[in-house]
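Peer 1: I'd like to ask you about the structure that follows.
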Amino acid sequence: IVDPGQVQARGAAQCAAIGRVGQLHDDDGAPEAYLFWRLHRREMFHRLEVTDWVALTPRGHRRLWSTIVDLRTMIEDVRFYTAPADPMLRVLPDPRLEVHLEAAWMLRIVDVAKAIGARGYRSSLRCALGLQVRDDVIAANDGTFTVEFADGRASVSSGGKPELQLDVRTLASIYSGFVDVRTAVALGQLQGEPDALDRLALAFGDGAPWMPEMF
């Protein structure tokens, strides 16, 4: 890890925070990982806040954590945004965590055909789905759509056999991964043929969305 330098910021409460950045390079000098953090000073032990970190390799994930561990004599806790499946969290051999749930995403699909067509999918997925969508606000979304998946993309056309029935709010939750197909069925928000439900789960089962910061 090399440290290009540090910056000092002072907030409205006049509490100083020291910001640092570290980078990890491979044997050829190419970037492998980086870490931005702020040290919030307290009377004795301080809080380390990770503002951004990215690792491209398993070694990078481990090295970023070892950089933080090297500061253990002066910090009491570490704060960062993450998700249950984040590799940066999973690389810890014995994590001891205090979890705080931040605001969940809010997503409104305003154009069903364009939204489904713009999303990426598994390249091996090859199937078709008939969706009957209810939308009491946008008339163009209220109807039946046929979705064909191939080569990591989806093409959408109007009409076809309505294999699955759901409203546009449920579609947004499944589309983003916020709610999985099984949960939507259990809540009574999604109805359809078992085979079609399996295809829907394959198409949109990419896990819950998250971001490494509140924005």
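Chain labels run A, B, ... following the order of the structure tokens; each chain numbers its residues from 1, and ligands are numbered from 1 in the order shown.
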Just the alpha helix (DSSP H) stuff from range 56-188 of chain A, please, per backbone DSSP, written as a PyMOL selection string.

Peer 2: chain A and resi 58-69+87-90+112-118+168-176+181-186

Peer 1: Kindly save the residues from that selection, with N, CA and C atoms included, as a tab-separated table (two decimals), in the first residue's frame.

Peer 2:
```
chain	number	residue	atom	x	y	z
A	58	PRO	N	-8.65	-11.15	-4.90
A	58	PRO	CA	-8.73	-11.59	-3.51
A	58	PRO	C	-7.63	-10.99	-2.64
A	59	ARG	N	-6.42	-10.89	-3.19
A	59	ARG	CA	-5.34	-10.28	-2.42
A	59	ARG	C	-5.66	-8.83	-2.08
A	60	GLY	N	-6.29	-8.13	-3.03
A	60	GLY	CA	-6.66	-6.75	-2.79
A	60	GLY	C	-7.65	-6.61	-1.65
A	61	HIS	N	-8.66	-7.49	-1.61
A	61	HIS	CA	-9.63	-7.45	-0.51
A	61	HIS	C	-8.93	-7.65	0.83
A	62	ARG	N	-8.05	-8.63	0.91
A	62	ARG	CA	-7.37	-8.91	2.18
A	62	ARG	C	-6.44	-7.77	2.58
A	63	ARG	N	-5.76	-7.18	1.59
A	63	ARG	CA	-4.78	-6.13	1.91
A	63	ARG	C	-5.45	-4.86	2.40
A	64	LEU	N	-6.63	-4.54	1.88
A	64	LEU	CA	-7.32	-3.35	2.36
A	64	LEU	C	-7.69	-3.51	3.83
A	65	TRP	N	-8.15	-4.71	4.19
A	65	TRP	CA	-8.49	-4.93	5.60
A	65	TRP	C	-7.25	-4.92	6.47
A	66	SER	N	-6.14	-5.47	5.98
A	66	SER	CA	-4.92	-5.47	6.80
A	66	SER	C	-4.40	-4.05	7.01
A	67	THR	N	-4.67	-3.16	6.04
A	67	THR	CA	-4.30	-1.76	6.23
A	67	THR	C	-5.07	-1.16	7.40
A	68	ILE	N	-6.36	-1.48	7.49
A	68	ILE	CA	-7.17	-0.99	8.60
A	68	ILE	C	-6.71	-1.63	9.92
A	69	VAL	N	-6.41	-2.92	9.88
A	69	VAL	CA	-5.96	-3.62	11.09
A	69	VAL	C	-4.66	-3.01	11.61
A	87	PRO	N	-18.11	-8.78	-1.14
A	87	PRO	CA	-16.87	-9.52	-0.88
A	87	PRO	C	-16.00	-8.89	0.19
A	88	MET	N	-16.06	-7.56	0.31
A	88	MET	CA	-15.25	-6.89	1.32
A	88	MET	C	-15.67	-7.28	2.72
A	89	LEU	N	-16.93	-7.63	2.88
A	89	LEU	CA	-17.43	-8.09	4.17
A	89	LEU	C	-17.18	-9.58	4.36
A	90	ARG	N	-17.34	-10.34	3.32
A	90	ARG	CA	-17.21	-11.79	3.40
A	90	ARG	C	-15.77	-12.25	3.59
A	112	VAL	N	-42.29	0.32	-19.00
A	112	VAL	CA	-41.99	-1.10	-18.77
A	112	VAL	C	-41.10	-1.66	-19.86
A	113	ALA	N	-41.44	-1.44	-21.11
A	113	ALA	CA	-40.68	-2.03	-22.23
A	113	ALA	C	-39.24	-1.52	-22.24
A	114	LYS	N	-39.06	-0.22	-22.10
A	114	LYS	CA	-37.70	0.33	-22.14
A	114	LYS	C	-36.88	-0.07	-20.93
A	115	ALA	N	-37.52	-0.14	-19.77
A	115	ALA	CA	-36.79	-0.52	-18.55
A	115	ALA	C	-36.29	-1.96	-18.65
A	116	ILE	N	-37.15	-2.87	-19.05
A	116	ILE	CA	-36.74	-4.27	-19.17
A	116	ILE	C	-35.69	-4.42	-20.27
A	117	GLY	N	-35.84	-3.70	-21.36
A	117	GLY	CA	-34.87	-3.78	-22.45
A	117	GLY	C	-33.52	-3.18	-22.12
A	118	ALA	N	-33.47	-2.24	-21.19
A	118	ALA	CA	-32.21	-1.57	-20.86
A	118	ALA	C	-31.38	-2.35	-19.84
A	168	VAL	N	-47.17	-2.83	-11.37
A	168	VAL	CA	-45.90	-2.21	-11.75
A	168	VAL	C	-44.99	-2.01	-10.54
A	169	ARG	N	-45.57	-1.88	-9.35
A	169	ARG	CA	-44.76	-1.72	-8.14
A	169	ARG	C	-44.01	-3.01	-7.83
A	170	THR	N	-44.70	-4.14	-7.93
A	170	THR	CA	-44.04	-5.43	-7.72
A	170	THR	C	-42.99	-5.68	-8.78
A	171	LEU	N	-43.30	-5.31	-10.03
A	171	LEU	CA	-42.32	-5.47	-11.10
A	171	LEU	C	-41.05	-4.67	-10.79
A	172	ALA	N	-41.18	-3.46	-10.27
A	172	ALA	CA	-40.01	-2.66	-9.92
A	172	ALA	C	-39.17	-3.34	-8.85
A	173	SER	N	-39.84	-3.94	-7.86
A	173	SER	CA	-39.11	-4.62	-6.78
A	173	SER	C	-38.35	-5.83	-7.29
A	174	ILE	N	-38.98	-6.62	-8.18
A	174	ILE	CA	-38.33	-7.80	-8.74
A	174	ILE	C	-37.26	-7.39	-9.74
A	175	TYR	N	-37.55	-6.40	-10.55
A	175	TYR	CA	-36.62	-5.89	-11.57
A	175	TYR	C	-35.30	-5.47	-10.94
A	176	SER	N	-35.36	-4.82	-9.79
A	176	SER	CA	-34.15	-4.33	-9.12
A	176	SER	C	-33.48	-5.39	-8.26
A	181	VAL	N	-38.67	-13.54	-6.30
A	181	VAL	CA	-39.93	-14.07	-6.82
A	181	VAL	C	-40.69	-14.83	-5.74
A	182	ARG	N	-40.00	-15.64	-4.96
A	182	ARG	CA	-40.67	-16.43	-3.92
A	182	ARG	C	-41.35	-15.52	-2.90
A	183	THR	N	-40.69	-14.44	-2.51
A	183	THR	CA	-41.27	-13.51	-1.54
A	183	THR	C	-42.49	-12.80	-2.13
A	184	ALA	N	-42.40	-12.40	-3.39
A	184	ALA	CA	-43.54	-11.72	-4.03
A	184	ALA	C	-44.75	-12.64	-4.11
A	185	VAL	N	-44.53	-13.91	-4.37
A	185	VAL	CA	-45.64	-14.87	-4.41
A	185	VAL	C	-46.22	-15.03	-3.01
A	186	ALA	N	-45.36	-15.16	-2.00
A	186	ALA	CA	-45.83	-15.34	-0.62
A	186	ALA	C	-46.66	-14.15	-0.15
```

Peer 1: Quick one: everything within 9 Å of Leu164 in chain A, counting only C-alpha atoms, minus sequence neighbours fewer than 6 positions away in the same chain. Send it as a ChimeraX atom specification.

Peer 2: /A:129-133,190-193,196-197,200

Peer 1: Just list as a short mmCIF file (atom, residue, chain, number, x, y, z; two decimals) with N, CA, C and O atoms, in the first residue's frame whatever in range 90-204 of chain A DSSP marks as strand (DSSP E).

Peer 2:
```cif
data_model
loop_
_atom_site.label_atom_id
_atom_site.label_comp_id
_atom_site.auth_asym_id
_atom_site.auth_seq_id
_atom_site.Cartn_x
_atom_site.Cartn_y
_atom_site.Cartn_z
N CYS A 127 -34.97 -17.64 -23.03
CA CYS A 127 -36.36 -18.02 -22.76
C CYS A 127 -37.25 -16.83 -23.06
O CYS A 127 -36.77 -15.74 -23.43
N ALA A 128 -38.55 -17.04 -22.91
CA ALA A 128 -39.53 -15.97 -23.11
C ALA A 128 -40.49 -15.96 -21.94
O ALA A 128 -40.72 -16.99 -21.28
N LEU A 129 -41.05 -14.78 -21.66
CA LEU A 129 -42.00 -14.61 -20.57
C LEU A 129 -43.15 -13.74 -21.03
O LEU A 129 -42.95 -12.77 -21.77
N GLY A 130 -44.35 -14.07 -20.55
CA GLY A 130 -45.51 -13.23 -20.80
C GLY A 130 -45.94 -12.55 -19.52
O GLY A 130 -46.35 -13.22 -18.56
N LEU A 131 -45.82 -11.22 -19.45
CA LEU A 131 -46.14 -10.47 -18.25
C LEU A 131 -47.41 -9.66 -18.43
O LEU A 131 -47.52 -8.89 -19.39
N GLN A 132 -48.35 -9.84 -17.53
CA GLN A 132 -49.53 -8.97 -17.50
C GLN A 132 -49.33 -7.98 -16.36
O GLN A 132 -49.38 -8.34 -15.19
N VAL A 133 -49.08 -6.72 -16.73
CA VAL A 133 -48.73 -5.68 -15.76
C VAL A 133 -49.91 -4.76 -15.53
O VAL A 133 -50.57 -4.33 -16.49
N ARG A 134 -50.17 -4.45 -14.27
CA ARG A 134 -51.21 -3.48 -13.91
C ARG A 134 -50.55 -2.17 -13.48
O ARG A 134 -49.64 -2.18 -12.64
N GLY A 143 -50.95 -3.53 -19.30
CA GLY A 143 -51.22 -4.46 -20.38
C GLY A 143 -50.30 -5.66 -20.33
O GLY A 143 -49.62 -5.91 -19.33
N THR A 144 -50.30 -6.42 -21.43
CA THR A 144 -49.51 -7.64 -21.51
C THR A 144 -48.28 -7.41 -22.39
O THR A 144 -48.37 -6.78 -23.45
N PHE A 145 -47.14 -7.93 -21.92
CA PHE A 145 -45.87 -7.79 -22.64
C PHE A 145 -45.21 -9.16 -22.78
O PHE A 145 -45.24 -9.97 -21.85
N THR A 146 -44.62 -9.41 -23.93
CA THR A 146 -43.82 -10.61 -24.15
C THR A 146 -42.36 -10.21 -24.12
O THR A 146 -41.93 -9.32 -24.86
N VAL A 147 -41.60 -10.87 -23.25
CA VAL A 147 -40.18 -10.57 -23.09
C VAL A 147 -39.38 -11.78 -23.55
O VAL A 147 -39.61 -12.90 -23.09
N GLU A 148 -38.43 -11.57 -24.45
CA GLU A 148 -37.56 -12.63 -24.94
C GLU A 148 -36.13 -12.32 -24.53
O GLU A 148 -35.61 -11.23 -24.81
N PHE A 149 -35.49 -13.28 -23.86
CA PHE A 149 -34.13 -13.12 -23.36
C PHE A 149 -33.16 -13.92 -24.22
O PHE A 149 -33.39 -15.09 -24.52
N ALA A 150 -32.04 -13.30 -24.59
CA ALA A 150 -30.99 -13.98 -25.34
C ALA A 150 -29.72 -13.12 -25.33
O ALA A 150 -29.81 -11.88 -25.41
N ARG A 153 -29.36 -9.90 -23.19
CA ARG A 153 -30.26 -8.78 -23.44
C ARG A 153 -31.71 -9.26 -23.44
O ARG A 153 -31.97 -10.46 -23.43
N ALA A 154 -32.65 -8.30 -23.47
CA ALA A 154 -34.08 -8.64 -23.53
C ALA A 154 -34.75 -7.75 -24.56
O ALA A 154 -34.48 -6.55 -24.65
N SER A 155 -35.63 -8.36 -25.34
CA SER A 155 -36.46 -7.60 -26.27
C SER A 155 -37.91 -7.72 -25.80
O SER A 155 -38.35 -8.78 -25.35
N VAL A 156 -38.65 -6.63 -25.90
CA VAL A 156 -40.00 -6.56 -25.34
C VAL A 156 -40.97 -6.13 -26.43
O VAL A 156 -40.72 -5.18 -27.17
N SER A 157 -42.08 -6.86 -26.51
CA SER A 157 -43.14 -6.51 -27.45
C SER A 157 -44.48 -6.55 -26.73
O SER A 157 -44.64 -7.24 -25.72
N SER A 158 -45.45 -5.82 -27.24
CA SER A 158 -46.78 -5.80 -26.63
C SER A 158 -47.57 -7.03 -27.03
O SER A 158 -47.40 -7.57 -28.12
N LEU A 164 -47.80 -14.46 -16.26
CA LEU A 164 -47.59 -13.92 -14.92
C LEU A 164 -48.39 -12.64 -14.76
O LEU A 164 -48.48 -11.83 -15.69
N GLN A 165 -48.96 -12.45 -13.57
CA GLN A 165 -49.75 -11.25 -13.29
C GLN A 165 -49.15 -10.52 -12.08
O GLN A 165 -48.93 -11.14 -11.03
N LEU A 166 -48.90 -9.23 -12.25
CA LEU A 166 -48.33 -8.42 -11.18
C LEU A 166 -48.55 -6.95 -11.50
O LEU A 166 -48.81 -6.59 -12.65
N ASP A 167 -48.47 -6.11 -10.46
CA ASP A 167 -48.60 -4.68 -10.73
C ASP A 167 -47.20 -4.08 -10.94
O ASP A 167 -46.18 -4.74 -10.70
N LEU A 190 -47.72 -11.49 -6.72
CA LEU A 190 -47.34 -12.09 -8.00
C LEU A 190 -48.06 -13.42 -8.15
O LEU A 190 -48.03 -14.25 -7.24
N GLN A 191 -48.72 -13.62 -9.29
CA GLN A 191 -49.40 -14.87 -9.58
C GLN A 191 -48.95 -15.36 -10.96
O GLN A 191 -48.64 -14.56 -11.84
N GLY A 192 -48.92 -16.69 -11.09
CA GLY A 192 -48.56 -17.22 -12.40
C GLY A 192 -48.29 -18.71 -12.37
O GLY A 192 -48.34 -19.35 -11.31
#
```

Peer 1: Within 8 Å of Ser124 in chain A, counting only C-alpha atoms, which residues show up once you throw out same-chain ones fewer than 2 positions away? Write them as a compact mmCIF listing (two decimals) with C-alpha atoms, in the first residue's frame, please.

Peer 2:
```txt
# COMPACT_ATOMS: atom_id res chain seq x y z
CA ARG A 122 -27.19 -13.62 -17.78
CA ARG A 126 -32.62 -18.03 -23.38
CA ALA A 150 -30.99 -13.98 -25.34
CA ASP A 151 -27.27 -13.10 -25.27
CA GLY A 152 -27.56 -11.07 -22.08
```

Peer 1: Closest to Asp195 in chain A among A:His40, A:Glu163, A:Ala55, A:Asp28, using only C-alpha atoms?

Peer 2: A:Glu163

Peer 1: For Pro209 in chain A, which of A:Leu56, A:Val78, A:Met44, A:Ala83 is the closest residue, counting only C-alpha atoms?

Peer 2: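 Using only C-alpha atoms, the shortest distance to Pro209 in chain A belongs to A:Ala83.
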